[in-house]
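Source file: final_13.cif (mmCIF, C-alpha atoms and all ligand atoms)
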```
data_entry
loop_
_atom_site.label_atom_id
_atom_site.label_comp_id
_atom_site.auth_asym_id
_atom_site.auth_seq_id
_atom_site.Cartn_x
_atom_site.Cartn_y
_atom_site.Cartn_z
CA MET R 1 98.91 66.91 86.57
CA LEU R 2 101.30 66.21 83.69
CA ASP R 3 104.87 67.48 83.54
CA LEU R 4 104.55 68.22 79.85
CA VAL R 5 102.19 68.28 76.87
CA ILE R 6 103.80 68.13 73.43
CA ILE R 7 101.59 69.49 70.65
CA GLY R 8 102.46 67.80 67.37
CA ALA R 9 103.73 64.35 66.47
CA ALA R 10 105.95 64.96 63.48
CA ALA R 11 109.71 65.53 63.23
CA ALA R 12 109.91 68.06 66.07
CA GLY R 13 107.19 66.59 68.29
CA SER R 14 108.48 63.04 68.09
CA ALA R 15 112.05 64.17 68.83
CA ALA R 16 110.75 66.06 71.87
CA ALA R 17 108.79 62.96 72.93
CA VAL R 18 111.82 60.70 72.74
CA TYR R 19 113.84 63.10 74.90
CA ALA R 20 111.00 63.59 77.39
CA ALA R 21 110.57 59.82 77.71
CA ARG R 22 114.28 59.32 78.30
CA ARG R 23 114.00 61.84 81.15
CA ASN R 24 111.10 59.90 82.64
CA LEU R 25 108.69 62.82 82.39
CA ASN R 26 104.99 62.26 82.85
CA PHE R 27 103.70 63.60 79.54
CA ALA R 28 101.36 63.25 76.58
CA VAL R 29 101.69 63.98 72.88
CA VAL R 30 98.57 65.58 71.40
CA ALA R 31 98.40 65.77 67.62
CA LYS R 32 96.06 66.07 64.68
CA ASP R 33 98.13 63.46 62.84
CA ILE R 34 101.41 61.61 63.05
CA GLY R 35 104.16 62.60 60.66
CA GLY R 36 102.97 66.06 59.62
CA GLU R 37 104.82 67.36 56.55
CA VAL R 38 107.16 64.39 56.50
CA ALA R 39 104.22 62.09 55.79
CA LEU R 40 103.52 64.18 52.67
CA SER R 41 107.08 64.08 51.42
CA GLY R 42 107.06 61.24 48.87
CA GLU R 43 110.55 59.87 48.26
CA VAL R 44 113.13 60.87 50.87
CA GLU R 45 116.79 60.55 49.90
CA ASN R 46 118.46 63.14 52.12
CA TRP R 47 117.80 61.72 55.60
CA PRO R 48 121.28 61.05 57.00
CA GLY R 49 121.96 57.38 57.53
CA THR R 50 119.11 56.22 55.27
CA ILE R 51 119.84 56.16 51.56
CA HIS R 52 116.23 55.85 50.48
CA THR R 53 112.92 55.88 52.30
CA THR R 54 109.49 57.43 51.87
CA GLY R 55 107.76 60.10 53.88
CA VAL R 56 105.10 57.65 55.00
CA GLU R 57 107.73 55.14 56.15
CA LEU R 58 109.62 57.85 58.02
CA ALA R 59 106.40 58.96 59.73
CA GLN R 60 105.71 55.34 60.73
CA ASN R 61 109.22 55.19 62.18
CA PHE R 62 108.56 58.35 64.22
CA HIS R 63 105.47 56.63 65.58
CA ALA R 64 107.30 53.38 66.30
CA HIS R 65 110.14 55.25 68.01
CA MET R 66 107.71 57.05 70.34
CA LYS R 67 105.82 53.83 70.99
CA SER R 68 109.06 52.04 71.89
CA TYR R 69 109.11 54.36 74.93
CA GLN R 70 105.40 53.75 75.65
CA VAL R 71 104.62 57.40 74.94
CA GLN R 72 100.96 58.38 75.37
CA ILE R 73 100.01 59.66 71.91
CA ASP R 74 96.58 61.25 71.68
CA ASN R 75 96.26 61.28 67.93
CA GLY R 76 93.39 62.87 66.01
CA LEU R 77 92.99 65.75 68.45
CA GLU R 78 93.32 69.41 67.53
CA VAL R 79 94.57 71.72 70.24
CA THR R 80 92.23 74.70 70.32
CA GLY R 81 93.57 76.59 73.31
CA ILE R 82 96.30 76.91 75.90
CA THR R 83 95.21 78.76 79.02
CA PRO R 84 97.89 79.73 81.50
CA THR R 85 96.97 79.68 85.20
CA LYS R 86 99.24 80.79 88.02
CA ASN R 87 101.16 77.52 88.30
CA TYR R 88 100.26 75.43 85.28
CA HIS R 89 98.63 75.44 81.84
CA ILE R 90 95.34 74.03 80.66
CA VAL R 91 95.56 72.62 77.14
CA THR R 92 92.22 72.12 75.42
CA ALA R 93 91.83 69.81 72.44
CA GLN R 94 88.96 68.57 70.31
CA ASP R 95 88.45 65.45 68.23
CA GLY R 96 86.72 65.35 64.85
CA ASN R 97 83.30 65.07 66.52
CA GLY R 98 83.82 68.18 68.62
CA GLN R 99 84.46 66.10 71.75
CA GLU R 100 86.70 68.09 74.11
CA LYS R 101 89.62 66.84 76.17
CA THR R 102 91.66 68.96 78.58
CA TYR R 103 95.11 68.49 80.05
CA GLU R 104 96.61 70.16 83.10
CA THR R 105 100.33 70.44 82.63
CA LYS R 106 103.34 72.19 84.09
CA SER R 107 104.78 72.91 80.65
CA VAL R 108 103.92 72.81 76.95
CA ILE R 109 106.10 72.26 73.89
CA ILE R 110 104.46 73.61 70.75
CA ALA R 111 105.76 71.51 67.86
CA SER R 112 102.86 72.23 65.56
CA GLY R 113 104.89 73.24 62.52
CA ILE R 114 104.72 76.25 60.29
CA HIS R 115 103.29 77.00 56.89
CA PRO R 116 105.17 79.19 54.49
CA ARG R 117 103.41 82.47 53.78
CA GLU R 118 102.14 82.68 50.21
CA LEU R 119 102.41 85.65 47.88
CA LYS R 120 98.76 85.17 46.90
CA ILE R 121 99.34 86.17 43.29
CA PRO R 122 98.14 84.63 40.01
CA GLY R 123 100.07 81.53 38.97
CA GLU R 124 101.44 80.76 42.44
CA ARG R 125 99.05 78.00 43.54
CA GLU R 126 98.65 76.65 40.00
CA LEU R 127 102.42 76.18 39.60
CA LYS R 128 103.23 75.02 43.15
CA GLY R 129 105.47 71.96 42.81
CA ARG R 130 106.01 72.77 39.12
CA GLY R 131 108.56 75.52 39.59
CA VAL R 132 107.14 77.30 42.63
CA THR R 133 108.68 76.15 45.90
CA TYR R 134 108.74 77.35 49.49
CA CYS R 135 111.75 75.22 50.44
CA THR R 136 115.00 76.01 48.64
CA VAL R 137 116.88 73.39 50.66
CA CYS R 138 114.42 70.75 49.47
CA ASP R 139 113.95 71.68 45.82
CA GLY R 140 116.91 73.91 44.92
CA PRO R 141 119.00 71.06 43.46
CA LEU R 142 116.31 70.52 40.78
CA TYR R 143 117.32 73.81 39.14
CA ARG R 144 120.94 73.05 38.28
CA GLY R 145 122.10 75.27 35.43
CA LYS R 146 118.72 77.04 35.23
CA THR R 147 117.56 80.55 36.08
CA THR R 148 115.68 81.10 39.32
CA ALA R 149 114.17 83.96 41.27
CA THR R 150 113.91 84.15 45.04
CA VAL R 151 111.23 86.43 46.44
CA GLY R 152 111.74 87.86 49.92
CA ALA R 153 113.85 90.20 51.99
CA GLY R 154 114.77 88.31 55.14
CA ASN R 155 117.48 85.84 56.07
CA SER R 156 115.64 82.87 54.50
CA ALA R 157 115.52 84.66 51.16
CA LEU R 158 119.19 85.59 51.44
CA GLU R 159 120.14 82.02 52.36
CA SER R 160 118.03 80.73 49.47
CA VAL R 161 120.02 82.92 47.08
CA LEU R 162 123.36 81.90 48.58
CA MET R 163 122.43 78.27 47.97
CA MET R 164 120.99 78.83 44.49
CA SER R 165 124.01 80.84 43.34
CA GLY R 166 126.00 77.60 43.51
CA ILE R 167 123.37 75.60 41.62
CA ALA R 168 121.57 77.83 39.11
CA SER R 169 123.35 79.71 36.35
CA GLN R 170 121.55 82.99 37.09
CA VAL R 171 119.65 84.00 40.23
CA TYR R 172 117.36 86.97 40.78
CA LEU R 173 116.49 88.23 44.23
CA ILE R 174 113.37 90.34 44.43
CA THR R 175 112.95 92.57 47.47
CA LYS R 176 110.11 94.99 48.03
CA TYR R 177 112.47 97.40 49.81
CA PRO R 178 114.62 100.10 48.16
CA ASP R 179 118.41 100.02 48.15
CA LEU R 180 118.65 102.75 50.79
CA PRO R 181 120.59 102.86 54.07
CA GLU R 182 117.35 103.29 56.07
CA ALA R 183 116.08 100.04 54.51
CA LYS R 184 119.46 98.39 55.21
CA GLY R 185 120.27 98.20 51.53
CA GLY R 186 116.98 96.48 50.65
CA PHE R 187 116.97 93.93 53.48
CA PRO R 188 115.79 95.57 56.73
CA LYS R 189 115.68 92.29 58.66
CA GLY R 190 118.66 90.61 57.03
CA GLU R 191 121.98 89.88 58.71
CA ASP R 192 124.78 92.07 57.40
CA ILE R 193 127.04 89.13 56.67
CA LEU R 194 124.41 87.49 54.45
CA ILE R 195 123.51 90.74 52.69
CA ASN R 196 127.15 91.46 51.86
CA LYS R 197 127.79 87.93 50.63
CA VAL R 198 124.72 87.94 48.37
CA LYS R 199 125.50 91.34 46.88
CA ALA R 200 129.02 90.20 45.99
CA LEU R 201 127.92 87.13 44.02
CA PRO R 202 128.58 87.48 40.29
CA ASN R 203 125.55 85.47 39.12
CA VAL R 204 123.03 87.21 41.41
CA THR R 205 120.99 90.23 40.38
CA VAL R 206 119.07 92.00 43.14
CA ILE R 207 115.89 93.77 42.05
CA TYR R 208 114.89 96.42 44.60
CA ASN R 209 111.62 98.12 45.35
CA ALA R 210 109.73 95.46 43.46
CA GLY R 211 106.46 93.65 44.09
CA THR R 212 106.06 90.24 42.51
CA VAL R 213 102.68 90.28 40.80
CA HIS R 214 102.43 87.16 38.63
CA ILE R 215 104.12 83.79 38.18
CA VAL R 216 103.89 82.78 34.56
CA GLY R 217 103.70 79.31 33.01
CA THR R 218 101.32 76.66 31.75
CA ASP R 219 102.71 73.24 32.72
CA ALA R 220 105.71 74.66 34.55
CA VAL R 221 107.08 78.04 35.56
CA SER R 222 108.49 79.99 32.64
CA GLY R 223 108.59 83.51 34.04
CA LEU R 224 107.87 85.97 36.80
CA ILE R 225 106.43 89.46 36.49
CA TYR R 226 107.33 92.15 38.99
CA GLU R 227 106.18 95.71 39.37
CA ASP R 228 108.46 98.61 40.20
CA LEU R 229 106.82 100.02 43.32
CA ALA R 230 107.83 103.59 42.46
CA SER R 231 106.90 103.78 38.77
CA GLY R 232 104.37 100.93 38.48
CA ALA R 233 106.28 99.61 35.44
CA ARG R 234 106.03 95.84 34.98
CA THR R 235 108.88 93.60 33.83
CA GLU R 236 108.88 89.89 33.02
CA LEU R 237 111.91 87.77 33.88
CA ALA R 238 112.42 84.39 32.20
CA VAL R 239 112.90 81.93 35.08
CA GLN R 240 112.27 78.23 35.58
CA GLY R 241 112.08 78.27 39.37
CA VAL R 242 110.57 80.65 41.92
CA MET R 243 111.60 80.31 45.57
CA VAL R 244 109.12 82.09 47.83
CA HIS R 245 110.58 83.10 51.20
CA VAL R 246 108.27 85.76 52.61
CA GLY R 247 107.95 84.46 56.14
CA PRO R 248 106.15 81.72 58.04
CA ILE R 249 102.63 81.38 59.39
CA TYR R 250 102.58 79.70 62.78
CA LEU R 251 99.83 77.14 63.07
CA ILE R 252 99.19 77.91 66.72
CA ASN R 253 99.15 81.54 67.73
CA LYS R 254 97.95 81.23 71.29
C1 LIG W 1 107.12 67.68 49.87
C2 LIG W 1 108.02 68.13 51.01
C3 LIG W 1 109.39 67.96 50.91
C4 LIG W 1 110.24 68.39 51.93
N1 LIG W 1 111.58 68.18 51.80
C5 LIG W 1 112.42 68.58 52.78
C6 LIG W 1 113.83 68.38 52.67
O1 LIG W 1 114.31 67.85 51.68
N2 LIG W 1 114.63 68.82 53.67
C7 LIG W 1 114.10 69.43 54.79
O2 LIG W 1 114.87 69.79 55.69
N3 LIG W 1 112.77 69.64 54.92
C8 LIG W 1 111.93 69.23 53.95
N4 LIG W 1 110.59 69.45 54.06
C9 LIG W 1 110.11 70.17 55.25
C10 LIG W 1 110.04 69.25 56.46
O3 LIG W 1 109.25 68.12 56.15
C11 LIG W 1 109.43 70.06 57.60
O4 LIG W 1 110.23 71.18 57.87
C12 LIG W 1 109.33 69.25 58.88
O5 LIG W 1 108.71 68.03 58.64
C13 LIG W 1 108.56 70.05 59.90
O6 LIG W 1 108.38 69.24 61.03
P1 LIG W 1 107.59 69.76 62.28
O7 LIG W 1 107.55 68.63 63.25
O8 LIG W 1 108.15 71.04 62.75
O9 LIG W 1 106.13 70.16 61.78
P2 LIG W 1 105.04 69.43 60.85
O10 LIG W 1 105.63 68.37 60.01
O11 LIG W 1 104.30 70.53 60.18
O12 LIG W 1 104.07 68.71 61.89
C14 LIG W 1 103.23 69.44 62.72
C15 LIG W 1 102.59 68.49 63.71
O13 LIG W 1 101.76 69.28 64.56
C16 LIG W 1 100.42 68.78 64.50
N5 LIG W 1 99.53 69.94 64.70
C17 LIG W 1 99.50 71.12 64.03
N6 LIG W 1 98.56 71.94 64.56
C18 LIG W 1 98.01 71.24 65.59
C19 LIG W 1 96.98 71.53 66.54
N7 LIG W 1 96.32 72.70 66.55
N8 LIG W 1 96.66 70.58 67.45
C20 LIG W 1 97.30 69.39 67.47
N9 LIG W 1 98.28 69.06 66.61
C21 LIG W 1 98.63 69.98 65.69
C22 LIG W 1 100.29 68.09 63.15
O14 LIG W 1 99.24 67.16 63.17
C23 LIG W 1 101.68 67.44 63.07
O15 LIG W 1 101.72 66.26 63.83
C24 LIG W 1 109.71 69.02 53.09
C25 LIG W 1 108.32 69.18 53.21
C26 LIG W 1 107.48 68.73 52.19
C27 LIG W 1 105.97 68.89 52.35
#
```
Would you mind giving the structure from this file in structure tokens?
Ligand SMILES: Cc1cc2nc3c(=O)[nH]c(=O)nc-3n(C[C@H](O)[C@H](O)[C@H](O)COP(=O)(O)OP(=O)(O)OC[C@H]3O[C@@H](n4cnc5c(N)ncnc54)[C@H](O)[C@@H]3O)c2cc1C
Amino acid sequence: MLDLVIIGAAAAGSAAAVYAARRNLNFAVVAKDIGGEVALSGEVENWPGTIHTTGVELAQNFHAHMKSYQVQIDNGLEVTGITPTKNYHIVTAQDGNGQEKTYETKSVIIASGIHPRELKIPGERELKGRGVTYCTVCDGPLYRGKTTATVGAGNSALESVLMMSGIASQVYLITKYPDLPEAKGGFPKGEDILINKVKALPNVTVIYNAGTVHIVGTDAVSGLIYEDLASGARTELAVQGVMVHVGPIYLINK
């Protein structure tokens, strides 16, 4: 019986593994790959303490750090189920050939990452990385002095706009909710402090009751079309960046 199974071997999973090892826990890391999103990140120049590295190098360092503690890393396995019993959990995983492996463990850390939810509208996939981003913290600085639109109505969208208001010259925030008290002024799940800050910013225009229907551009984003949900009228905004913050999809739901 293990003390712990950690699902995922990227930023979160490897950090958990280092801490578990330092506490002498009897545990295993089970992961489809090592490095996760970091390994896909190209050049990395905002990792504190390291002026320049690459995503692949950083992922290799995660691996080396875990290995320095002799962590058992079962790489290439996809966790397909976690079954709770009265006193422990059974974690089931499969390799690429469908071969199953099970783990009995007292506890599980799910560090399997998230995927940003897509709008699923024309132009979004085609222009991803060419003006469409799901990570304002990562890509926001590329839009200095430009016009951007953030789509969403939660705290991530509000935080995206707070950040972009200091970088872009003009920022639109598109929420599908109306500016009514029962919809908390357009942001039903937003924190009051963020909502108030965003609404007070001089270079931010909030567009309420609007569904984003199209991201426009050929080589790069040049505009965004939204539809007024009451009248159906469509309007095109000239923007160079679109920040999509409409919630996460968790990779493991059970
Ligand atoms: C191009 C790019 C640039 C980025 N730039 C920045 C930036 O500048 N600043 C910033 O803060 N963030 C940035 N990010 C985001 C950052 O990389 C992620 O937030 C972070 O790496 C997430 O780490 P994680 O460990 O939570 O999950 P992930 O990196 O998603 O890793 C998930 C892990 O879980 C494993 N896994 C998933 N499902 C299963 C399963 N069923 N069974 C077994 N294993 C599973 C995967 O194999 C992987 O090991 C960027 C991302 C990308 C792609």
_I'd like the neighbourhood of Asp33 (chain R) as a list in words, where a residue qualifies if any of its atoms comes within 9 Å (using only C-alpha atoms), though same-chain residues fewer than 5 positions away should be ignored._
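The neighbour list is Gly8, Ala9, Ala10, Asn75, Gly76, Leu77 and Glu78 of chain R.
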*asked:* Using Å and a single decimal, report how far CA of Arg117 (chain R) sits from CA of Val246 (chain R).
replied: 6.0 Å
*Non-local contacts of Asp74 (chain R) (12 Å; all atoms listed in the file; under 6 positions in same chain excluded) as a list in words*: Val5, Ile6, Ile7, Gly8, Ala9, Phe27, Ala28, Val29, Val30, Ala31, Lys32, Asp33, Ile34, His63, Met66, Lys67, Ala93, Gln94, Asp95, Lys101, Thr102 and Tyr103 of chain R
For C-alpha atoms, I'd like the residues from the last selection saved as a compact mmCIF listing (two decimals), in the frame of the given file.
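Output contents, as saved in part-v3.txt:
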```
# COMPACT_ATOMS: atom_id res chain seq x y z
CA VAL R 5 102.19 68.28 76.87
CA ILE R 6 103.80 68.13 73.43
CA ILE R 7 101.59 69.49 70.65
CA GLY R 8 102.46 67.80 67.37
CA ALA R 9 103.73 64.35 66.47
CA PHE R 27 103.70 63.60 79.54
CA ALA R 28 101.36 63.25 76.58
CA VAL R 29 101.69 63.98 72.88
CA VAL R 30 98.57 65.58 71.40
CA ALA R 31 98.40 65.77 67.62
CA LYS R 32 96.06 66.07 64.68
CA ASP R 33 98.13 63.46 62.84
CA ILE R 34 101.41 61.61 63.05
CA HIS R 63 105.47 56.63 65.58
CA MET R 66 107.71 57.05 70.34
CA LYS R 67 105.82 53.83 70.99
CA ALA R 93 91.83 69.81 72.44
CA GLN R 94 88.96 68.57 70.31
CA ASP R 95 88.45 65.45 68.23
CA LYS R 101 89.62 66.84 76.17
CA THR R 102 91.66 68.96 78.58
CA TYR R 103 95.11 68.49 80.05
```
*Find the residues around Ser41 (chain R) up to 10 Å (only C-alpha atoms counted), leave out those fewer than 5 positions away in its own chain, and share them as a PyMOL selection string.*
chain R and resi 35-36+54-56+58-59
*Selection near Thr205 (chain R), 10 Å with only C-alpha atoms, sequence-local residues under 5 positions removed, as a VMD selection string*: chain R and resid 149 161 170 to 174 198 to 200
*asked:* Which residue is closest to Thr175 (chain R)? Choose from R:Gly211, R:Gly49, R:Gly81, R:Gly140 and count all atoms listed in the file.
replied: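 Closest to Thr175 (chain R) of all the choices is R:Gly211.
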*Please provide the set of residues having any atom within 7 Å of Val132 (chain R), restricted to all atoms listed in the file, with same-chain residues fewer than 6 positions apart removed, written as a PyMOL selection string.*
chain R and resi 124+241-243
Export, as a PDB file, in the frame of the given file, the selected residues with C-alpha atoms.
```pdb
ATOM      1  CA  GLU R 124     101.440  80.760  42.440  1.00  0.00           C
ATOM      2  CA  GLY R 241     112.080  78.270  39.370  1.00  0.00           C
ATOM      3  CA  VAL R 242     110.570  80.650  41.920  1.00  0.00           C
ATOM      4  CA  MET R 243     111.600  80.310  45.570  1.00  0.00           C
TER       5      MET R 243
END
```
_Just checking: using only C-alpha atoms, which residue out of R:Met164, R:Leu119, R:Ala233, R:Ala153 ends up closest to Pro141 (chain R)?_
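Under the stated criterion, the closest residue is R:Met164.
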*Go through R:His115, R:His65, R:Lys184, R:Lys128 one by one, measure the shortest atom-to-atom distance of each to ligand LIG 1 (chain W) using all atoms listed in the file, and give the residue with the smallest value.*
R:His115
_Separation of CA of Val244 (chain R) from atom O5 of ligand LIG 1 (chain W), in Å and rounded to one decimal_ = 17.7 Å
*Between R:Arg22, R:His214, R:Arg234, R:Lys106, which has the minimum distance to Leu2 (chain R) (counting all atoms listed in the file)?*
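Answer, going by the shortest atom-to-atom distance: R:Lys106.
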*What is the CA of Val137 (chain R) to CA of Ser169 (chain R) distance in Å?*
16.9 Å
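Of the listed residues R:Asp219, R:Asp192, R:Leu158, R:Ser112, the one whose atoms come nearest to Tyr250 (chain R) is R:Ser112, with distances taken using only C-alpha atoms.
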Please reconstruct the missing atoms of region 188-199 of chain R (target: all heavy atoms) and return them as a CSV table (one decimal), in the frame of the given file.
```csv
chain,number,residue,atom,x,y,z
R,188,PRO,N,115.8,95.0,55.4
R,188,PRO,CA,115.8,95.6,56.7
R,188,PRO,C,116.0,94.5,57.8
R,188,PRO,O,116.5,94.9,58.9
R,188,PRO,CB,114.4,96.2,56.8
R,188,PRO,CG,113.9,96.2,55.5
R,188,PRO,CD,114.6,95.3,54.6
R,189,LYS,N,115.6,93.3,57.6
R,189,LYS,CA,115.7,92.3,58.7
R,189,LYS,C,116.8,91.3,58.4
R,189,LYS,O,117.0,90.3,59.1
R,189,LYS,CB,114.4,91.5,58.8
R,189,LYS,CG,113.2,92.4,59.3
R,189,LYS,CD,112.0,91.5,59.6
R,189,LYS,CE,110.8,92.3,59.8
R,189,LYS,NZ,109.6,91.6,59.4
R,190,GLY,N,117.6,91.6,57.4
R,190,GLY,CA,118.7,90.6,57.0
R,190,GLY,C,119.9,90.8,57.9
R,190,GLY,O,120.2,91.9,58.4
R,191,GLU,N,120.7,89.7,58.0
R,191,GLU,CA,122.0,89.9,58.7
R,191,GLU,C,123.0,90.5,57.7
R,191,GLU,O,123.1,90.0,56.6
R,191,GLU,CB,122.5,88.5,59.1
R,191,GLU,CG,121.8,88.0,60.4
R,191,GLU,CD,122.3,86.6,60.8
R,191,GLU,OE1,123.5,86.2,60.4
R,191,GLU,OE2,121.6,85.9,61.4
R,192,ASP,N,123.8,91.4,58.3
R,192,ASP,CA,124.8,92.1,57.4
R,192,ASP,C,125.7,91.1,56.6
R,192,ASP,O,125.9,91.3,55.4
R,192,ASP,CB,125.7,93.0,58.2
R,192,ASP,CG,124.9,94.2,58.8
R,192,ASP,OD1,123.8,94.4,58.3
R,192,ASP,OD2,125.3,94.8,59.8
R,193,ILE,N,126.1,90.1,57.3
R,193,ILE,CA,127.0,89.1,56.7
R,193,ILE,C,126.4,88.5,55.4
R,193,ILE,O,127.0,88.3,54.4
R,193,ILE,CB,127.6,88.1,57.7
R,193,ILE,CG1,128.7,87.3,57.1
R,193,ILE,CG2,126.5,87.2,58.2
R,193,ILE,CD1,129.6,86.6,58.1
R,194,LEU,N,125.1,88.1,55.6
R,194,LEU,CA,124.4,87.5,54.4
R,194,LEU,C,124.2,88.5,53.3
R,194,LEU,O,124.4,88.2,52.1
R,194,LEU,CB,123.1,86.9,54.9
R,194,LEU,CG,123.1,85.8,55.9
R,194,LEU,CD1,121.7,85.4,56.3
R,194,LEU,CD2,123.8,84.6,55.3
R,195,ILE,N,123.8,89.7,53.7
R,195,ILE,CA,123.5,90.7,52.7
R,195,ILE,C,124.8,91.0,51.9
R,195,ILE,O,124.7,91.0,50.6
R,195,ILE,CB,123.0,92.1,53.4
R,195,ILE,CG1,121.7,91.8,54.1
R,195,ILE,CG2,122.9,93.2,52.3
R,195,ILE,CD1,121.3,93.0,55.0
R,196,ASN,N,125.9,91.2,52.6
R,196,ASN,CA,127.2,91.5,51.9
R,196,ASN,C,127.6,90.3,51.0
R,196,ASN,O,128.0,90.5,49.8
R,196,ASN,CB,128.3,91.8,52.9
R,196,ASN,CG,127.9,93.1,53.6
R,196,ASN,OD1,127.1,93.9,53.1
R,196,ASN,ND2,128.5,93.2,54.8
R,197,LYS,N,127.4,89.1,51.4
R,197,LYS,CA,127.8,87.9,50.6
R,197,LYS,C,126.9,87.9,49.4
R,197,LYS,O,127.5,87.7,48.3
R,197,LYS,CB,127.6,86.6,51.4
R,197,LYS,CG,128.7,86.2,52.2
R,197,LYS,CD,128.5,84.8,52.8
R,197,LYS,CE,129.5,84.4,53.7
R,197,LYS,NZ,129.2,83.1,54.4
R,198,VAL,N,125.6,88.0,49.5
R,198,VAL,CA,124.7,87.9,48.4
R,198,VAL,C,125.0,89.0,47.3
R,198,VAL,O,125.1,88.8,46.1
R,198,VAL,CB,123.3,88.0,48.8
R,198,VAL,CG1,122.3,88.4,47.7
R,198,VAL,CG2,122.8,86.7,49.5
R,199,LYS,N,125.3,90.2,47.8
R,199,LYS,CA,125.5,91.3,46.9
R,199,LYS,C,126.8,91.2,46.1
R,199,LYS,O,127.0,91.8,45.1
R,199,LYS,CB,125.5,92.7,47.6
R,199,LYS,CG,124.1,93.0,48.1
R,199,LYS,CD,124.0,94.5,48.6
R,199,LYS,CE,122.5,94.8,48.9
R,199,LYS,NZ,122.3,96.2,49.2
```
